[in-house]
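Raw contents of work_37.txt, compact mmCIF, C-alpha atoms:
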```txt
# COMPACT_ATOMS: atom_id res chain seq x y z
CA MET A 1 -33.65 43.15 6.93
CA PHE A 2 -31.20 41.48 9.27
CA ARG A 3 -27.99 43.38 9.96
CA LEU A 4 -24.70 41.60 10.56
CA TRP A 5 -21.18 42.98 10.97
CA THR A 6 -18.01 41.48 9.55
CA VAL A 7 -14.30 42.23 9.44
CA GLN A 8 -12.72 41.60 6.05
CA HIS A 9 -9.39 42.13 4.36
CA LYS A 10 -9.49 45.07 1.97
CA SER A 11 -8.89 42.65 -0.92
CA VAL A 12 -12.47 41.43 -0.40
CA LEU A 13 -13.65 44.92 -1.37
CA ASP A 14 -11.60 44.71 -4.56
CA VAL A 15 -13.33 41.43 -5.45
CA VAL A 16 -16.77 42.91 -4.70
CA GLU A 17 -15.95 45.95 -6.82
CA MET A 18 -14.71 43.81 -9.72
CA ASN A 19 -17.34 41.02 -9.64
CA GLY A 20 -20.26 42.60 -7.80
CA TYR A 21 -19.96 39.99 -5.04
CA TYR A 22 -17.51 37.99 -2.91
CA GLN A 23 -17.76 34.33 -1.93
CA ALA A 24 -15.29 32.75 0.46
CA ASP A 25 -13.30 29.59 -0.30
CA ILE A 26 -11.98 27.44 2.54
CA SER A 27 -8.91 26.46 0.52
CA LYS A 28 -7.92 30.15 0.36
CA SER A 29 -8.71 31.03 3.98
CA PRO A 30 -5.69 32.67 5.63
CA PHE A 31 -6.77 31.08 8.92
CA VAL A 32 -6.77 27.57 7.44
CA ILE A 33 -3.49 28.22 5.63
CA GLN A 34 -1.90 29.38 8.91
CA SER A 35 -3.50 26.58 10.95
CA PRO A 36 -4.47 23.54 8.80
CA PRO A 37 -6.21 21.72 11.69
CA LEU A 38 -8.95 24.41 11.49
CA GLU A 39 -10.03 23.03 8.12
CA GLU A 40 -12.00 20.16 9.70
CA LEU A 41 -14.03 22.58 11.86
CA TYR A 42 -14.55 24.99 8.95
CA ARG A 43 -15.65 22.13 6.68
CA PHE A 44 -18.10 20.92 9.33
CA LEU A 45 -19.60 24.42 9.56
CA LEU A 46 -19.69 24.74 5.76
CA ASP A 47 -21.30 21.32 5.27
CA SER A 48 -23.91 22.10 7.95
CA PHE A 49 -24.59 25.53 6.42
CA ASN A 50 -24.93 24.09 2.91
CA LYS A 51 -27.25 21.32 4.09
CA THR A 52 -29.40 23.66 6.19
CA ASN A 53 -29.74 26.27 3.45
CA ASP A 54 -29.61 23.97 0.39
CA PHE A 55 -26.53 25.82 -0.90
CA ARG A 56 -23.37 24.56 -2.59
CA LEU A 57 -20.75 26.99 -1.31
CA ASN A 58 -16.98 26.50 -1.02
CA GLY A 59 -16.60 28.75 2.01
CA LEU A 60 -18.34 30.94 4.56
CA ILE A 61 -18.00 34.55 5.63
CA PHE A 62 -17.95 35.09 9.37
CA GLY A 63 -20.01 37.86 10.90
CA PHE A 64 -21.24 39.07 14.28
CA ALA A 65 -24.48 39.64 16.14
CA TYR A 66 -25.27 39.47 19.86
CA ARG A 67 -27.56 37.58 22.18
CA ARG A 68 -29.96 39.20 24.61
CA ASP A 69 -31.75 36.62 26.74
CA SER A 70 -32.79 34.00 24.16
CA GLN A 71 -32.99 36.39 21.20
CA ILE A 72 -30.29 37.01 18.56
CA CYS A 73 -30.03 40.74 17.87
CA SER A 74 -28.32 43.00 15.35
CA PHE A 75 -25.92 45.77 16.25
CA GLN A 76 -27.59 48.85 14.82
CA ASN A 77 -24.49 50.98 14.33
CA ILE A 78 -20.70 50.93 14.55
CA HIS A 79 -20.70 52.52 18.02
CA GLU A 80 -22.91 49.78 19.43
CA PHE A 81 -20.82 47.09 17.72
CA ALA A 82 -17.48 48.53 18.88
CA ALA A 83 -18.69 49.05 22.46
CA PHE A 84 -19.98 45.47 22.71
CA VAL A 85 -16.84 43.93 21.19
CA ARG A 86 -14.67 46.00 23.57
CA GLN A 87 -16.82 44.87 26.48
CA LYS A 88 -16.28 41.25 25.36
CA ARG A 89 -12.55 41.72 24.67
CA ASN A 90 -11.64 38.59 26.65
CA ALA A 91 -13.69 36.45 24.27
CA ILE A 92 -12.42 38.04 21.05
CA ALA A 93 -8.91 39.40 21.81
CA THR A 94 -6.87 36.68 20.08
CA LEU A 95 -8.83 36.94 16.83
CA TRP A 96 -9.02 40.74 16.99
CA ARG A 97 -5.23 41.06 17.30
CA LYS A 98 -4.88 39.13 14.01
CA LEU A 99 -7.34 41.42 12.28
CA CYS A 100 -6.43 44.75 13.82
CA SER A 101 -4.47 46.43 11.02
CA GLU A 102 -5.00 48.95 8.26
CA ASP A 103 -5.43 45.99 5.87
CA TYR A 104 -8.86 45.19 7.34
CA VAL A 105 -12.20 46.98 7.36
CA VAL A 106 -15.40 46.62 9.35
CA MET A 107 -18.49 46.22 7.19
CA CYS A 108 -22.15 46.48 8.05
CA LEU A 109 -24.10 44.02 5.92
CA ASP A 110 -27.87 43.87 5.49
CA TYR A 111 -29.62 40.70 4.30
CA PRO A 112 -33.32 40.00 3.79
CA GLU A 113 -34.71 38.18 6.80
CA ASP A 114 -35.16 34.46 6.26
CA SER A 115 -32.94 34.43 3.13
CA PHE A 116 -30.64 31.93 4.89
CA ASN A 117 -29.96 30.44 8.31
CA PRO A 118 -26.64 31.87 9.57
CA LEU A 119 -25.95 28.99 11.99
CA PHE A 120 -25.47 31.26 14.99
CA ILE A 121 -22.97 30.13 17.61
CA ASP A 122 -21.62 31.85 20.71
CA ILE A 123 -18.03 32.88 20.00
CA ASN A 124 -16.88 31.02 23.13
CA ASP A 125 -18.48 27.79 21.89
CA PHE A 126 -16.82 28.22 18.49
CA GLN A 127 -13.43 28.79 20.10
CA PHE A 128 -13.98 25.77 22.35
CA LEU A 129 -14.39 23.62 19.19
CA MET A 130 -11.19 24.95 17.65
CA PRO A 131 -8.48 22.29 17.57
CA PRO A 132 -7.07 20.99 19.70
CA ILE A 133 -10.21 20.80 21.83
CA THR A 134 -9.28 21.21 25.46
CA ILE A 135 -11.86 20.37 28.11
CA LEU A 136 -11.74 23.14 30.68
CA HIS A 137 -14.48 24.02 33.16
CA PRO A 138 -17.28 24.88 32.56
CA TYR A 139 -17.08 22.86 29.31
CA SER A 140 -17.26 19.07 29.27
CA TYR A 141 -17.31 16.25 26.72
CA GLU A 142 -21.09 16.66 26.69
CA SER A 143 -20.53 20.26 25.57
CA ILE A 144 -18.93 19.02 22.36
CA ALA A 145 -22.02 16.92 21.60
CA ARG A 146 -24.38 19.82 22.41
CA ILE A 147 -22.56 22.32 20.18
CA VAL A 148 -22.15 19.89 17.27
CA THR A 149 -25.82 18.87 17.50
CA ASP A 150 -26.89 22.52 17.61
CA ILE A 151 -24.87 23.29 14.49
CA ARG A 152 -26.17 20.22 12.63
CA HIS A 153 -29.75 21.17 13.50
CA ALA A 154 -29.23 24.89 12.79
CA ARG A 155 -30.14 26.04 16.27
CA ILE A 156 -28.42 27.82 19.12
CA SER A 157 -28.86 26.89 22.76
CA SER A 158 -27.43 28.36 25.92
CA SER A 159 -23.69 28.05 26.24
CA GLU A 160 -21.98 26.75 29.35
CA PHE A 161 -19.72 29.82 29.11
CA PRO A 162 -21.71 32.48 27.24
CA SER A 163 -20.01 35.58 25.88
CA TYR A 164 -23.25 36.73 24.19
CA LEU A 165 -21.10 37.73 21.20
CA ILE A 166 -22.58 35.60 18.44
CA GLN A 167 -20.77 34.38 15.37
CA ALA A 168 -22.89 34.23 12.22
CA HIS A 169 -22.06 32.56 8.91
CA LEU A 170 -22.85 34.29 5.64
CA PRO A 171 -22.97 32.89 2.11
CA VAL A 172 -21.90 35.90 0.06
CA ILE A 173 -21.28 39.63 0.18
CA HIS A 174 -23.02 41.44 -2.67
CA GLU A 175 -22.48 45.15 -3.25
CA LYS A 176 -26.09 45.71 -2.19
CA ASN A 177 -25.43 44.02 1.20
CA ILE A 178 -22.75 46.55 2.19
CA THR A 179 -24.52 49.44 3.88
CA GLU A 180 -21.64 50.93 5.90
CA MET A 181 -17.87 50.54 6.08
CA TYR A 182 -15.33 51.66 8.69
CA HIS A 183 -11.64 51.45 9.49
CA MET A 184 -10.72 48.59 11.77
CA PHE A 185 -10.84 49.58 15.44
CA SER A 186 -8.75 48.37 18.34
CA LEU A 187 -10.12 46.90 21.53
CA ASP A 188 -8.45 49.65 23.55
CA SER A 189 -9.95 52.88 22.24
```

Just give me the structure of the file as structure tokens.
Amino acid sequence: MFRLWTVQHKSVLDVVEMNGYYQADISKSPFVIQSPPLEELYRFLLDSFNKTNDFRLNGLIFGFAYRRDSQICSFQNIHEFAAFVRQKRNAIATLWRKLCSEDYVVMCLDYPEDSFNPLFIDINDFQFLMPPITILHPYSYESIARIVTDIRHARISSSEFPSYLIQAHLPVIHEKNITEMYHMFSLDS
């Protein structure tokens, strides 16, 4: 099993409870609704994910892992996940502030290994691609090409500005995937 962590609105739990699963839809993403220019990046990720995994999804679920040397690793428990995210607060603070409320929960999700390729990407590289792309050192125009090529080819290479907090992309949350659930935590405690 491969373990990934995600932060989801509590309404996702209602859908899982009612249907037995939840699948995301880009057209309903609160992030795309709040910032329409994100749709192009999200569609690129979705198209790459669908092509890589031979799926036909309408959206992706974002999750987290971490990188140690060249290996992608799973956080084994909430304490490890929270400590790492707090350590990387500079990389995740803007997103975390949007999610840090009683309306969100942290979920531990287990998936069979090799059931899909999660298109891992360093969170800093993902944020660099968010529109409008701004070229700031250590990133360059070549960085755009590297990250886009990595995503298209379902691989992850070393970032110019690594956070080691890795974003993963998930196809679905089934009831059986949810192994643990916690209240949302702040970056300060």

* Determine, counting all atoms listed in the file, every residue of protein, DNA or RNA that lies within 9 Å of (-22.9, 45.0, 7.1) in the file coordinates, then give the result as JSON, numbers by chain. => {"A": [3, 4, 5, 6, 63, 106, 107, 108, 109, 110, 111, 173, 177, 178, 179, 180, 181]}

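Using all atoms listed in the file, the shortest contact distance between Arg43 (chain A) and any of A:Lys28, A:Ser157, A:Leu60, A:Tyr164 is found at A:Leu60.
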
* Asked: What is the distance, in Å and to one decimal place, between CA of Phe161 (chain A) and CA of Asn124 (chain A)?
  -> 6.7 Å

* Asked: Using only C-alpha atoms, which of the listed residues (A:Asp122, A:Asp47, A:Asp150, A:Glu142) sits closest to Lys88 (chain A)?
  -> A:Asp122

Skipping near chain neighbours, those fewer than 3 positions away, what residues fall within 12 Å of Pro138 (chain A) using all atoms listed in the file, listed as a PDB file with C-alpha atoms, keeping the file's coordinate frame?
```pdb
ATOM      1  CA  ASN A 124     -16.880  31.020  23.130  1.00  0.00           C
ATOM      2  CA  ASP A 125     -18.480  27.790  21.890  1.00  0.00           C
ATOM      3  CA  PHE A 128     -13.980  25.770  22.350  1.00  0.00           C
ATOM      4  CA  THR A 134      -9.280  21.210  25.460  1.00  0.00           C
ATOM      5  CA  ILE A 135     -11.860  20.370  28.110  1.00  0.00           C
ATOM      6  CA  TYR A 141     -17.310  16.250  26.720  1.00  0.00           C
ATOM      7  CA  GLU A 142     -21.090  16.660  26.690  1.00  0.00           C
ATOM      8  CA  SER A 143     -20.530  20.260  25.570  1.00  0.00           C
ATOM      9  CA  ILE A 144     -18.930  19.020  22.360  1.00  0.00           C
ATOM     10  CA  SER A 159     -23.690  28.050  26.240  1.00  0.00           C
ATOM     11  CA  GLU A 160     -21.980  26.750  29.350  1.00  0.00           C
ATOM     12  CA  PHE A 161     -19.720  29.820  29.110  1.00  0.00           C
ATOM     13  CA  PRO A 162     -21.710  32.480  27.240  1.00  0.00           C
TER      14      PRO A 162
END
```

For Phe44 (chain A): contacts at 10 Å, all atoms listed in the file, fewer than 6 positions along chain excluded, given as an mmCIF file with C-alpha atoms, keeping the file's coordinate frame:
```
data_model
loop_
_atom_site.group_PDB
_atom_site.id
_atom_site.type_symbol
_atom_site.label_atom_id
_atom_site.label_comp_id
_atom_site.auth_asym_id
_atom_site.auth_seq_id
_atom_site.Cartn_x
_atom_site.Cartn_y
_atom_site.Cartn_z
ATOM 1 C CA ASN A 50 -24.930 24.090 2.910
ATOM 2 C CA VAL A 148 -22.150 19.890 17.270
ATOM 3 C CA ILE A 151 -24.870 23.290 14.490
ATOM 4 C CA ARG A 152 -26.170 20.220 12.630
#
```

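For region 79-84 of chain A, the non-local neighbours within 9 Å, defined as residues at least 2 positions apart in the same chain or in other chains and counting all atoms listed in the file, are Trp5, Phe64, Ala65, Tyr66, Ser74, Phe75, Gln76, Asn77, Arg86, Gln87, Lys88, Arg89, Leu165, Phe185, Ser186 and Leu187 of chain A.
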